[in-house]
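This is target-v7.pdb (PDB, C-alpha atoms and all ligand atoms).
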```pdb
ATOM      1  CA  MET R   1    -261.436 -96.305-100.981  1.00  0.00           C
ATOM      2  CA  ARG R   2    -264.293 -95.055-103.133  1.00  0.00           C
ATOM      3  CA  PRO R   3    -267.922 -95.960-102.488  1.00  0.00           C
ATOM      4  CA  PHE R   4    -268.653 -99.625-102.982  1.00  0.00           C
ATOM      5  CA  LEU R   5    -270.528-100.571-106.144  1.00  0.00           C
ATOM      6  CA  ILE R   6    -272.904-103.531-106.382  1.00  0.00           C
ATOM      7  CA  ALA R   7    -273.171-104.910-109.906  1.00  0.00           C
ATOM      8  CA  PRO R   8    -275.792-107.637-110.436  1.00  0.00           C
ATOM      9  CA  SER R   9    -274.815-110.103-113.147  1.00  0.00           C
ATOM     10  CA  ILE R  10    -277.750-110.406-115.524  1.00  0.00           C
ATOM     11  CA  LEU R  11    -276.578-113.895-116.425  1.00  0.00           C
ATOM     12  CA  SER R  12    -278.912-114.991-113.633  1.00  0.00           C
ATOM     13  CA  ALA R  13    -281.753-112.637-114.626  1.00  0.00           C
ATOM     14  CA  ASP R  14    -284.945-113.753-116.377  1.00  0.00           C
ATOM     15  CA  PHE R  15    -284.032-113.400-120.074  1.00  0.00           C
ATOM     16  CA  ALA R  16    -287.685-113.680-121.099  1.00  0.00           C
ATOM     17  CA  ARG R  17    -288.380-110.385-119.338  1.00  0.00           C
ATOM     18  CA  LEU R  18    -284.899-108.901-119.172  1.00  0.00           C
ATOM     19  CA  GLY R  19    -285.756-105.191-119.326  1.00  0.00           C
ATOM     20  CA  ASP R  20    -288.174-105.438-116.402  1.00  0.00           C
ATOM     21  CA  ASP R  21    -285.789-107.587-114.380  1.00  0.00           C
ATOM     22  CA  VAL R  22    -282.890-105.158-114.893  1.00  0.00           C
ATOM     23  CA  LYS R  23    -285.135-102.224-113.951  1.00  0.00           C
ATOM     24  CA  ALA R  24    -286.249-104.096-110.836  1.00  0.00           C
ATOM     25  CA  VAL R  25    -282.714-104.776-109.653  1.00  0.00           C
ATOM     26  CA  LEU R  26    -281.696-101.142-110.193  1.00  0.00           C
ATOM     27  CA  ASP R  27    -284.827 -99.957-108.360  1.00  0.00           C
ATOM     28  CA  ALA R  28    -283.727-102.286-105.559  1.00  0.00           C
ATOM     29  CA  GLY R  29    -280.598-100.159-105.134  1.00  0.00           C
ATOM     30  CA  ALA R  30    -277.992-101.851-107.331  1.00  0.00           C
ATOM     31  CA  ASP R  31    -275.448 -99.519-108.948  1.00  0.00           C
ATOM     32  CA  VAL R  32    -274.211-101.093-112.191  1.00  0.00           C
ATOM     33  CA  VAL R  33    -275.481-103.700-114.668  1.00  0.00           C
ATOM     34  CA  HIS R  34    -272.917-106.492-115.157  1.00  0.00           C
ATOM     35  CA  PHE R  35    -273.357-107.896-118.671  1.00  0.00           C
ATOM     36  CA  ASP R  36    -271.714-111.291-119.311  1.00  0.00           C
ATOM     37  CA  VAL R  37    -270.804-112.006-122.918  1.00  0.00           C
ATOM     38  CA  MET R  38    -269.887-115.628-123.707  1.00  0.00           C
ATOM     39  CA  ASP R  39    -269.025-117.003-127.133  1.00  0.00           C
ATOM     40  CA  ASN R  40    -268.949-120.828-126.788  1.00  0.00           C
ATOM     41  CA  HIS R  41    -265.267-120.630-127.752  1.00  0.00           C
ATOM     42  CA  TYR R  42    -263.304-118.784-125.083  1.00  0.00           C
ATOM     43  CA  VAL R  43    -265.784-120.185-122.534  1.00  0.00           C
ATOM     44  CA  PRO R  44    -268.135-123.171-122.915  1.00  0.00           C
ATOM     45  CA  ASN R  45    -271.353-121.188-122.860  1.00  0.00           C
ATOM     46  CA  LEU R  46    -273.217-118.788-125.138  1.00  0.00           C
ATOM     47  CA  THR R  47    -275.063-115.686-123.985  1.00  0.00           C
ATOM     48  CA  ILE R  48    -275.850-112.225-125.268  1.00  0.00           C
ATOM     49  CA  GLY R  49    -274.312-109.588-127.526  1.00  0.00           C
ATOM     50  CA  PRO R  50    -274.499-105.904-128.497  1.00  0.00           C
ATOM     51  CA  MET R  51    -278.129-106.122-129.699  1.00  0.00           C
ATOM     52  CA  VAL R  52    -279.265-106.964-126.182  1.00  0.00           C
ATOM     53  CA  CYS R  53    -277.149-104.157-124.722  1.00  0.00           C
ATOM     54  CA  LYS R  54    -278.782-101.707-127.134  1.00  0.00           C
ATOM     55  CA  ALA R  55    -282.216-103.111-126.320  1.00  0.00           C
ATOM     56  CA  LEU R  56    -281.644-102.367-122.626  1.00  0.00           C
ATOM     57  CA  ARG R  57    -280.652 -98.789-123.483  1.00  0.00           C
ATOM     58  CA  ASP R  58    -283.705 -98.395-125.731  1.00  0.00           C
ATOM     59  CA  TYR R  59    -285.824 -99.730-122.901  1.00  0.00           C
ATOM     60  CA  GLY R  60    -284.628 -96.841-120.727  1.00  0.00           C
ATOM     61  CA  ILE R  61    -281.823 -98.366-118.663  1.00  0.00           C
ATOM     62  CA  THR R  62    -279.501 -95.455-117.859  1.00  0.00           C
ATOM     63  CA  ALA R  63    -277.205 -97.078-115.270  1.00  0.00           C
ATOM     64  CA  ASP R  64    -273.666 -97.951-116.268  1.00  0.00           C
ATOM     65  CA  ILE R  65    -273.455-101.206-118.214  1.00  0.00           C
ATOM     66  CA  ASP R  66    -270.314-103.183-117.364  1.00  0.00           C
ATOM     67  CA  VAL R  67    -269.634-105.481-120.319  1.00  0.00           C
ATOM     68  CA  HIS R  68    -267.529-108.505-119.344  1.00  0.00           C
ATOM     69  CA  LEU R  69    -266.235-110.005-122.567  1.00  0.00           C
ATOM     70  CA  MET R  70    -265.526-113.740-122.370  1.00  0.00           C
ATOM     71  CA  VAL R  71    -264.831-113.927-126.091  1.00  0.00           C
ATOM     72  CA  LYS R  72    -261.919-114.636-128.394  1.00  0.00           C
ATOM     73  CA  PRO R  73    -260.946-112.742-130.475  1.00  0.00           C
ATOM     74  CA  VAL R  74    -261.823-109.563-128.618  1.00  0.00           C
ATOM     75  CA  ASP R  75    -261.250-106.543-130.859  1.00  0.00           C
ATOM     76  CA  ARG R  76    -263.906-106.980-133.516  1.00  0.00           C
ATOM     77  CA  ILE R  77    -266.781-106.823-131.011  1.00  0.00           C
ATOM     78  CA  VAL R  78    -265.558-103.742-129.084  1.00  0.00           C
ATOM     79  CA  PRO R  79    -266.897-100.981-131.381  1.00  0.00           C
ATOM     80  CA  ASP R  80    -270.279-102.727-131.579  1.00  0.00           C
ATOM     81  CA  PHE R  81    -270.610-102.741-127.792  1.00  0.00           C
ATOM     82  CA  ALA R  82    -269.542 -99.104-127.570  1.00  0.00           C
ATOM     83  CA  LYS R  83    -272.233 -98.166-130.111  1.00  0.00           C
ATOM     84  CA  ALA R  84    -274.749-100.306-128.209  1.00  0.00           C
ATOM     85  CA  GLY R  85    -274.284 -98.243-125.050  1.00  0.00           C
ATOM     86  CA  ALA R  86    -271.632-100.058-123.011  1.00  0.00           C
ATOM     87  CA  SER R  87    -270.040 -97.937-120.274  1.00  0.00           C
ATOM     88  CA  ILE R  88    -267.197-100.244-119.247  1.00  0.00           C
ATOM     89  CA  ILE R  89    -265.657-103.016-121.347  1.00  0.00           C
ATOM     90  CA  THR R  90    -263.387-105.626-119.767  1.00  0.00           C
ATOM     91  CA  PHE R  91    -261.636-108.541-121.454  1.00  0.00           C
ATOM     92  CA  HIS R  92    -259.359-111.441-120.584  1.00  0.00           C
ATOM     93  CA  PRO R  93    -255.762-110.603-121.589  1.00  0.00           C
ATOM     94  CA  GLU R  94    -254.973-114.116-122.799  1.00  0.00           C
ATOM     95  CA  ALA R  95    -257.881-113.790-125.273  1.00  0.00           C
ATOM     96  CA  SER R  96    -256.300-110.758-126.983  1.00  0.00           C
ATOM     97  CA  GLU R  97    -253.297-110.904-129.313  1.00  0.00           C
ATOM     98  CA  HIS R  98    -252.384-107.291-128.509  1.00  0.00           C
ATOM     99  CA  ILE R  99    -253.479-106.247-125.048  1.00  0.00           C
ATOM    100  CA  ASP R 100    -252.371-102.630-125.281  1.00  0.00           C
ATOM    101  CA  ARG R 101    -254.116-102.226-128.639  1.00  0.00           C
ATOM    102  CA  THR R 102    -257.372-103.655-127.285  1.00  0.00           C
ATOM    103  CA  LEU R 103    -257.246-101.294-124.293  1.00  0.00           C
ATOM    104  CA  GLN R 104    -256.674 -98.350-126.642  1.00  0.00           C
ATOM    105  CA  LEU R 105    -259.519 -99.485-128.865  1.00  0.00           C
ATOM    106  CA  ILE R 106    -261.899 -99.557-125.897  1.00  0.00           C
ATOM    107  CA  LYS R 107    -260.818 -96.091-124.742  1.00  0.00           C
ATOM    108  CA  GLU R 108    -261.053 -94.639-128.256  1.00  0.00           C
ATOM    109  CA  SER R 109    -264.581 -96.048-128.436  1.00  0.00           C
ATOM    110  CA  GLY R 110    -265.463 -93.866-125.448  1.00  0.00           C
ATOM    111  CA  CYS R 111    -265.719 -96.594-122.811  1.00  0.00           C
ATOM    112  CA  LYS R 112    -263.820 -97.347-119.629  1.00  0.00           C
ATOM    113  CA  ALA R 113    -261.438-100.276-119.987  1.00  0.00           C
ATOM    114  CA  GLY R 114    -260.367-103.175-117.828  1.00  0.00           C
ATOM    115  CA  LEU R 115    -258.537-106.489-117.697  1.00  0.00           C
ATOM    116  CA  VAL R 116    -260.044-109.668-116.250  1.00  0.00           C
ATOM    117  CA  PHE R 117    -258.000-112.333-114.474  1.00  0.00           C
ATOM    118  CA  ASN R 118    -259.183-115.906-114.116  1.00  0.00           C
ATOM    119  CA  PRO R 119    -258.307-117.609-110.822  1.00  0.00           C
ATOM    120  CA  ALA R 120    -255.059-118.996-112.289  1.00  0.00           C
ATOM    121  CA  THR R 121    -254.170-116.151-114.671  1.00  0.00           C
ATOM    122  CA  PRO R 122    -250.925-114.509-113.502  1.00  0.00           C
ATOM    123  CA  LEU R 123    -250.908-110.836-112.596  1.00  0.00           C
ATOM    124  CA  HIS R 124    -247.907-110.023-114.785  1.00  0.00           C
ATOM    125  CA  TYR R 125    -250.343-108.896-117.475  1.00  0.00           C
ATOM    126  CA  LEU R 126    -250.694-105.744-115.367  1.00  0.00           C
ATOM    127  CA  ASP R 127    -247.010-104.873-115.688  1.00  0.00           C
ATOM    128  CA  HIS R 128    -247.075-102.399-118.561  1.00  0.00           C
ATOM    129  CA  VAL R 129    -250.672-101.208-118.689  1.00  0.00           C
ATOM    130  CA  MET R 130    -251.622 -99.859-115.257  1.00  0.00           C
ATOM    131  CA  ASP R 131    -251.890 -96.347-116.690  1.00  0.00           C
ATOM    132  CA  LYS R 132    -254.521 -97.510-119.196  1.00  0.00           C
ATOM    133  CA  LEU R 133    -256.842 -99.299-116.777  1.00  0.00           C
ATOM    134  CA  ASP R 134    -260.064 -98.039-115.226  1.00  0.00           C
ATOM    135  CA  VAL R 135    -260.963-101.452-113.787  1.00  0.00           C
ATOM    136  CA  ILE R 136    -259.216-104.651-112.770  1.00  0.00           C
ATOM    137  CA  LEU R 137    -261.645-107.565-112.519  1.00  0.00           C
ATOM    138  CA  LEU R 138    -260.632-110.645-110.567  1.00  0.00           C
ATOM    139  CA  MET R 139    -262.635-113.770-111.276  1.00  0.00           C
ATOM    140  CA  SER R 140    -263.324-115.721-108.114  1.00  0.00           C
ATOM    141  CA  VAL R 141    -264.712-118.652-110.122  1.00  0.00           C
ATOM    142  CA  ASN R 142    -263.704-120.041-113.500  1.00  0.00           C
ATOM    143  CA  PRO R 143    -265.646-118.136-116.135  1.00  0.00           C
ATOM    144  CA  GLY R 144    -268.598-119.564-118.012  1.00  0.00           C
ATOM    145  CA  PHE R 145    -271.391-120.121-115.524  1.00  0.00           C
ATOM    146  CA  GLY R 146    -273.262-118.472-112.690  1.00  0.00           C
ATOM    147  CA  GLY R 147    -273.929-120.130-109.385  1.00  0.00           C
ATOM    148  CA  GLN R 148    -270.418-121.451-108.650  1.00  0.00           C
ATOM    149  CA  SER R 149    -268.621-121.278-105.294  1.00  0.00           C
ATOM    150  CA  PHE R 150    -266.148-118.515-104.460  1.00  0.00           C
ATOM    151  CA  ILE R 151    -262.537-119.747-104.749  1.00  0.00           C
ATOM    152  CA  PRO R 152    -260.840-118.719-101.467  1.00  0.00           C
ATOM    153  CA  SER R 153    -257.357-118.088-102.956  1.00  0.00           C
ATOM    154  CA  THR R 154    -258.904-115.050-104.695  1.00  0.00           C
ATOM    155  CA  LEU R 155    -258.702-113.200-101.363  1.00  0.00           C
ATOM    156  CA  ASP R 156    -254.910-113.260-101.420  1.00  0.00           C
ATOM    157  CA  LYS R 157    -254.877-112.215-105.074  1.00  0.00           C
ATOM    158  CA  LEU R 158    -257.230-109.330-104.239  1.00  0.00           C
ATOM    159  CA  ARG R 159    -254.830-108.131-101.540  1.00  0.00           C
ATOM    160  CA  GLN R 160    -251.954-108.223-104.033  1.00  0.00           C
ATOM    161  CA  VAL R 161    -253.877-106.243-106.622  1.00  0.00           C
ATOM    162  CA  ARG R 162    -255.078-103.735-104.024  1.00  0.00           C
ATOM    163  CA  GLU R 163    -251.425-103.100-103.084  1.00  0.00           C
ATOM    164  CA  ARG R 164    -250.476-102.635-106.725  1.00  0.00           C
ATOM    165  CA  ILE R 165    -253.327-100.200-107.354  1.00  0.00           C
ATOM    166  CA  ASP R 166    -252.527 -98.160-104.249  1.00  0.00           C
ATOM    167  CA  ALA R 167    -248.810 -98.103-105.082  1.00  0.00           C
ATOM    168  CA  SER R 168    -249.544 -97.021-108.659  1.00  0.00           C
ATOM    169  CA  GLY R 169    -251.529 -93.955-107.637  1.00  0.00           C
ATOM    170  CA  PHE R 170    -253.945 -94.547-110.524  1.00  0.00           C
ATOM    171  CA  ASP R 171    -257.697 -94.369-110.146  1.00  0.00           C
ATOM    172  CA  ILE R 172    -258.597 -98.031-110.785  1.00  0.00           C
ATOM    173  CA  ARG R 173    -261.636 -99.947-109.572  1.00  0.00           C
ATOM    174  CA  LEU R 174    -261.037-103.437-108.155  1.00  0.00           C
ATOM    175  CA  GLU R 175    -263.961-105.625-109.157  1.00  0.00           C
ATOM    176  CA  VAL R 176    -264.628-109.211-108.097  1.00  0.00           C
ATOM    177  CA  ASP R 177    -266.871-111.653-109.945  1.00  0.00           C
ATOM    178  CA  GLY R 178    -268.104-115.111-108.956  1.00  0.00           C
ATOM    179  CA  GLY R 179    -269.677-116.611-105.857  1.00  0.00           C
ATOM    180  CA  VAL R 180    -270.166-113.253-104.119  1.00  0.00           C
ATOM    181  CA  LYS R 181    -272.881-113.571-101.445  1.00  0.00           C
ATOM    182  CA  VAL R 182    -274.169-111.706 -98.413  1.00  0.00           C
ATOM    183  CA  ASP R 183    -272.104-113.934 -96.140  1.00  0.00           C
ATOM    184  CA  ASN R 184    -268.720-113.378 -97.831  1.00  0.00           C
ATOM    185  CA  ILE R 185    -268.957-109.836 -99.232  1.00  0.00           C
ATOM    186  CA  ALA R 186    -267.477-108.193 -96.114  1.00  0.00           C
ATOM    187  CA  GLU R 187    -264.413-110.441 -96.237  1.00  0.00           C
ATOM    188  CA  ILE R 188    -263.992-109.717 -99.962  1.00  0.00           C
ATOM    189  CA  ALA R 189    -264.206-105.980 -99.310  1.00  0.00           C
ATOM    190  CA  ALA R 190    -261.654-106.278 -96.510  1.00  0.00           C
ATOM    191  CA  ALA R 191    -259.277-107.888 -99.018  1.00  0.00           C
ATOM    192  CA  GLY R 192    -259.501-104.767-101.187  1.00  0.00           C
ATOM    193  CA  ALA R 193    -262.393-105.069-103.638  1.00  0.00           C
ATOM    194  CA  ASP R 194    -264.629-102.039-104.201  1.00  0.00           C
ATOM    195  CA  MET R 195    -266.980-103.372-106.900  1.00  0.00           C
ATOM    196  CA  PHE R 196    -268.963-106.566-106.413  1.00  0.00           C
ATOM    197  CA  VAL R 197    -270.608-108.655-109.118  1.00  0.00           C
ATOM    198  CA  ALA R 198    -273.358-110.923-107.828  1.00  0.00           C
ATOM    199  CA  GLY R 199    -275.649-112.979-110.043  1.00  0.00           C
ATOM    200  CA  SER R 200    -277.346-115.904-108.351  1.00  0.00           C
ATOM    201  CA  ALA R 201    -277.127-114.304-104.889  1.00  0.00           C
ATOM    202  CA  ILE R 202    -279.422-111.485-106.042  1.00  0.00           C
ATOM    203  CA  PHE R 203    -281.542-112.868-108.885  1.00  0.00           C
ATOM    204  CA  GLY R 204    -281.974-116.179-107.065  1.00  0.00           C
ATOM    205  CA  LYS R 205    -284.000-114.485-104.330  1.00  0.00           C
ATOM    206  CA  PRO R 206    -287.515-113.066-104.771  1.00  0.00           C
ATOM    207  CA  ASP R 207    -286.749-109.799-102.948  1.00  0.00           C
ATOM    208  CA  TYR R 208    -283.801-108.098-104.686  1.00  0.00           C
ATOM    209  CA  LYS R 209    -283.931-105.074-102.377  1.00  0.00           C
ATOM    210  CA  ALA R 210    -283.573-107.258 -99.294  1.00  0.00           C
ATOM    211  CA  VAL R 211    -280.384-108.827-100.702  1.00  0.00           C
ATOM    212  CA  VAL R 212    -278.876-105.513-101.845  1.00  0.00           C
ATOM    213  CA  ASP R 213    -279.682-103.971 -98.448  1.00  0.00           C
ATOM    214  CA  GLU R 214    -278.092-106.921 -96.638  1.00  0.00           C
ATOM    215  CA  MET R 215    -274.976-106.572 -98.788  1.00  0.00           C
ATOM    216  CA  ARG R 216    -274.751-102.853 -97.945  1.00  0.00           C
ATOM    217  CA  VAL R 217    -275.075-103.649 -94.231  1.00  0.00           C
ATOM    218  CA  GLU R 218    -272.215-106.144 -94.552  1.00  0.00           C
ATOM    219  CA  LEU R 219    -270.112-103.623 -96.499  1.00  0.00           C
ATOM    220  CA  ALA R 220    -270.634-100.991 -93.801  1.00  0.00           C
ATOM    221  CA  LYS R 221    -269.191-103.296 -91.112  1.00  0.00           C
TER     222      LYS R 221
HETATM  223  C1  LIG R 301    -269.197-116.085-114.788  1.00  0.00           C
HETATM  224  C2  LIG R 301    -269.697-114.671-114.889  1.00  0.00           C
HETATM  225  C3  LIG R 301    -270.256-114.114-113.645  1.00  0.00           C
HETATM  226  C4  LIG R 301    -271.423-114.877-113.091  1.00  0.00           C
HETATM  227  C5  LIG R 301    -271.471-114.656-111.618  1.00  0.00           C
HETATM  228  O1  LIG R 301    -268.422-116.380-115.896  1.00  0.00           O
HETATM  229  O2  LIG R 301    -268.645-113.806-115.291  1.00  0.00           O
HETATM  230  O3  LIG R 301    -270.572-112.739-113.804  1.00  0.00           O
HETATM  231  O4  LIG R 301    -272.648-114.507-113.644  1.00  0.00           O
HETATM  232  O5  LIG R 301    -272.520-115.409-111.104  1.00  0.00           O
HETATM  233  P1  LIG R 301    -272.623-115.754-109.563  1.00  0.00           P
HETATM  234  O6  LIG R 301    -272.691-114.473-108.801  1.00  0.00           O
HETATM  235  O7  LIG R 301    -273.861-116.551-109.488  1.00  0.00           O
HETATM  236  O8  LIG R 301    -271.381-116.538-109.186  1.00  0.00           O
HETATM  237 ZN    ZN R 302    -268.942-111.604-115.262  1.00  0.00          ZN
END
```
I'd like the structure from this file rewritten - as structure tokens, please.
Ligand code: DX5
Ligand code: ZN
Amino acid sequence: MRPFLIAPSILSADFARLGDDVKAVLDAGADVVHFDVMDNHYVPNLTIGPMVCKALRDYGITADIDVHLMVKPVDRIVPDFAKAGASIITFHPEASEHIDRTLQLIKESGCKAGLVFNPATPLHYLDHVMDKLDVILLMSVNPGFGGQSFIPSTLDKLRQVRERIDASGFDIRLEVDGGVKVDNIAEIAAAGADMFVAGSAIFGKPDYKAVVDEMRVELAK
């Protein structure tokens, strides 16, 4: 498996001083910025859009920005995020009328593309698109809010997806999002994940580096 990536979710960052907070978490050793986009329609919460992504780029953030779209419809916002500096764009397949078209749109915009599965979303959406995926993101909570508890059945789903990725031979990251903490990250990695979103576990502590270091120790076990 490739090197593990730690992706802090900025949903739990301090929005009043976002640029500094994102810089701090990257300086603490995090790899990727996880950027949660909520529209108060697909999910019952409202967050940030392309302007904020561009503002982070203008502020000097050079790390990959992993845009997790929890919006419906999906397509109209994709080019705006690509222009704003997104590196990866993932979306929920049930929020797109034409999944293959949305994946193509993301790729044509110059970004990596991925599908996101809620805890109860079936994996059959993978059936005809494995060759177009750079990332598969499994939600381990229901989307919409930070600070929820990891849903244990995600571990079995992770194992299933890991088998599908390995059998496919494609180069696809397996990302997990929701309730990831120092005390469960090793078990999640053992189930097959190689990219870990963590919001409250990192931003909820004063010393980001201590948390990221503890996660890396757990991942090395
Ligand atoms: C939830 C978001 C997550 C969330 C994770 O809809 O997609 O990225 O911020 O937060 P924690 O790590 O606190 O569960
Ligand atoms: Zn997310």
Go through region 99-145 of chain R residue by residue and, counting only C-alpha atoms, keep those with an atom at most 8 Å from region 39-56 of chain R; for each kept residue give the shortest atom pair and its distance in Å to one decimal, ordered by chain and increasing number, as a tab-separated table.
```
residue	atom	partner	partner_atom	distance
R:Pro143	CA	R:Val43	CA	6.7
R:Gly144	CA	R:Val43	CA	5.4
R:Phe145	CA	R:Asn45	CA	7.4
```
### Message
One number please: CA of Gly179 (chain R) to CA of Ile202 (chain R), in Å, one decimal.
### Response
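According to the coordinates, CA of Gly179 (chain R) and CA of Ile202 (chain R) are separated by 11.0 Å.
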Would you write out, as a PDB file with C-alpha atoms, in the coordinates of the input, every residue that the PyMOL selection byres (((chain R and resi 200) around 9) and not hetatm) captures in this file?
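To be explicit, this is the file written out as part06.pdb:
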```
ATOM      1  CA  PRO R   8    -275.792-107.637-110.436  1.00  0.00           C
ATOM      2  CA  SER R   9    -274.815-110.103-113.147  1.00  0.00           C
ATOM      3  CA  LEU R  11    -276.578-113.895-116.425  1.00  0.00           C
ATOM      4  CA  SER R  12    -278.912-114.991-113.633  1.00  0.00           C
ATOM      5  CA  ALA R  13    -281.753-112.637-114.626  1.00  0.00           C
ATOM      6  CA  GLY R 146    -273.262-118.472-112.690  1.00  0.00           C
ATOM      7  CA  GLY R 147    -273.929-120.130-109.385  1.00  0.00           C
ATOM      8  CA  GLN R 148    -270.418-121.451-108.650  1.00  0.00           C
ATOM      9  CA  GLY R 179    -269.677-116.611-105.857  1.00  0.00           C
ATOM     10  CA  VAL R 180    -270.166-113.253-104.119  1.00  0.00           C
ATOM     11  CA  LYS R 181    -272.881-113.571-101.445  1.00  0.00           C
ATOM     12  CA  ALA R 198    -273.358-110.923-107.828  1.00  0.00           C
ATOM     13  CA  GLY R 199    -275.649-112.979-110.043  1.00  0.00           C
ATOM     14  CA  ALA R 201    -277.127-114.304-104.889  1.00  0.00           C
ATOM     15  CA  ILE R 202    -279.422-111.485-106.042  1.00  0.00           C
ATOM     16  CA  PHE R 203    -281.542-112.868-108.885  1.00  0.00           C
ATOM     17  CA  GLY R 204    -281.974-116.179-107.065  1.00  0.00           C
ATOM     18  CA  LYS R 205    -284.000-114.485-104.330  1.00  0.00           C
TER      19      LYS R 205
END
```
### Message
Please determine, counting only C-alpha atoms and all ligand atoms, which residue among R:Pro206, R:Gly192, R:Gly169, R:Gly178 has the shortest atom-to-atom distance to ligand ZN 302 (chain R).
### Response
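Looking at the shortest contact to ligand ZN 302 (chain R), the residue is R:Gly178.
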### Contacts of Gln104 (chain R) at 9 Å (only C-alpha atoms; same-chain gap of 5+ positions) as a list in words
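After dropping sequence-adjacent residues, the list is Ile99, Ser109, Ala113 and Lys132 of chain R.
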Selected residues written out, C-alpha atoms, as a PDB file, keeping the file's coordinate frame:
```
ATOM      1  CA  ILE R  99    -253.479-106.247-125.048  1.00  0.00           C
ATOM      2  CA  SER R 109    -264.581 -96.048-128.436  1.00  0.00           C
ATOM      3  CA  ALA R 113    -261.438-100.276-119.987  1.00  0.00           C
ATOM      4  CA  LYS R 132    -254.521 -97.510-119.196  1.00  0.00           C
TER       5      LYS R 132
END
```
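Compared by their closest atoms to Gly110 (chain R), and using only C-alpha atoms, the residues R:Asp177, R:Glu97, R:Asp80, R:Glu187 rank with R:Asp80 nearest.
CA of Leu126 (chain R) to CA of Ala30 (chain R) spans 28.7 Å [interatomic distance, one decimal].
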As a PDB file, in the frame of the given file, please: region 20-37 of chain R completed to N, CA and C atoms.
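Generated file (selection.pdb):
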```
ATOM      1  N   ASP R  20    -287.487-105.619-117.690  1.00  0.00           N
ATOM      2  CA  ASP R  20    -288.174-105.438-116.402  1.00  0.00           C
ATOM      3  C   ASP R  20    -287.302-105.916-115.242  1.00  0.00           C
ATOM      4  N   ASP R  21    -286.607-107.028-115.459  1.00  0.00           N
ATOM      5  CA  ASP R  21    -285.789-107.587-114.380  1.00  0.00           C
ATOM      6  C   ASP R  21    -284.609-106.655-114.064  1.00  0.00           C
ATOM      7  N   VAL R  22    -284.004-106.085-115.111  1.00  0.00           N
ATOM      8  CA  VAL R  22    -282.890-105.158-114.893  1.00  0.00           C
ATOM      9  C   VAL R  22    -283.394-103.894-114.198  1.00  0.00           C
ATOM     10  N   LYS R  23    -284.544-103.399-114.629  1.00  0.00           N
ATOM     11  CA  LYS R  23    -285.135-102.224-113.951  1.00  0.00           C
ATOM     12  C   LYS R  23    -285.377-102.532-112.482  1.00  0.00           C
ATOM     13  N   ALA R  24    -285.912-103.726-112.221  1.00  0.00           N
ATOM     14  CA  ALA R  24    -286.249-104.096-110.836  1.00  0.00           C
ATOM     15  C   ALA R  24    -284.999-104.129-109.956  1.00  0.00           C
ATOM     16  N   VAL R  25    -283.913-104.655-110.490  1.00  0.00           N
ATOM     17  CA  VAL R  25    -282.714-104.776-109.653  1.00  0.00           C
ATOM     18  C   VAL R  25    -282.065-103.400-109.423  1.00  0.00           C
ATOM     19  N   LEU R  26    -282.205-102.514-110.395  1.00  0.00           N
ATOM     20  CA  LEU R  26    -281.696-101.142-110.193  1.00  0.00           C
ATOM     21  C   LEU R  26    -282.593-100.390-109.206  1.00  0.00           C
ATOM     22  N   ASP R  27    -283.900-100.571-109.325  1.00  0.00           N
ATOM     23  CA  ASP R  27    -284.827 -99.957-108.360  1.00  0.00           C
ATOM     24  C   ASP R  27    -284.562-100.474-106.945  1.00  0.00           C
ATOM     25  N   ALA R  28    -284.028-101.685-106.868  1.00  0.00           N
ATOM     26  CA  ALA R  28    -283.727-102.286-105.559  1.00  0.00           C
ATOM     27  C   ALA R  28    -282.452-101.697-104.949  1.00  0.00           C
ATOM     28  N   GLY R  29    -281.760-100.831-105.702  1.00  0.00           N
ATOM     29  CA  GLY R  29    -280.598-100.159-105.134  1.00  0.00           C
ATOM     30  C   GLY R  29    -279.259-100.587-105.703  1.00  0.00           C
ATOM     31  N   ALA R  30    -279.265-101.464-106.711  1.00  0.00           N
ATOM     32  CA  ALA R  30    -277.992-101.851-107.331  1.00  0.00           C
ATOM     33  C   ALA R  30    -277.430-100.671-108.126  1.00  0.00           C
ATOM     34  N   ASP R  31    -276.110-100.683-108.348  1.00  0.00           N
ATOM     35  CA  ASP R  31    -275.448 -99.519-108.948  1.00  0.00           C
ATOM     36  C   ASP R  31    -275.171 -99.671-110.439  1.00  0.00           C
ATOM     37  N   VAL R  32    -274.762-100.868-110.845  1.00  0.00           N
ATOM     38  CA  VAL R  32    -274.211-101.093-112.191  1.00  0.00           C
ATOM     39  C   VAL R  32    -274.783-102.399-112.725  1.00  0.00           C
ATOM     40  N   VAL R  33    -275.005-102.457-114.034  1.00  0.00           N
ATOM     41  CA  VAL R  33    -275.481-103.700-114.668  1.00  0.00           C
ATOM     42  C   VAL R  33    -274.264-104.468-115.200  1.00  0.00           C
ATOM     43  N   HIS R  34    -274.033-105.662-114.669  1.00  0.00           N
ATOM     44  CA  HIS R  34    -272.917-106.492-115.157  1.00  0.00           C
ATOM     45  C   HIS R  34    -273.440-107.415-116.258  1.00  0.00           C
ATOM     46  N   PHE R  35    -272.822-107.315-117.435  1.00  0.00           N
ATOM     47  CA  PHE R  35    -273.357-107.896-118.671  1.00  0.00           C
ATOM     48  C   PHE R  35    -272.350-108.941-119.175  1.00  0.00           C
ATOM     49  N   ASP R  36    -272.660-110.210-118.995  1.00  0.00           N
ATOM     50  CA  ASP R  36    -271.714-111.291-119.311  1.00  0.00           C
ATOM     51  C   ASP R  36    -271.871-111.774-120.750  1.00  0.00           C
ATOM     52  N   VAL R  37    -270.785-111.640-121.502  1.00  0.00           N
ATOM     53  CA  VAL R  37    -270.804-112.006-122.918  1.00  0.00           C
ATOM     54  C   VAL R  37    -269.948-113.257-123.127  1.00  0.00           C
TER      55      VAL R  37
END
```
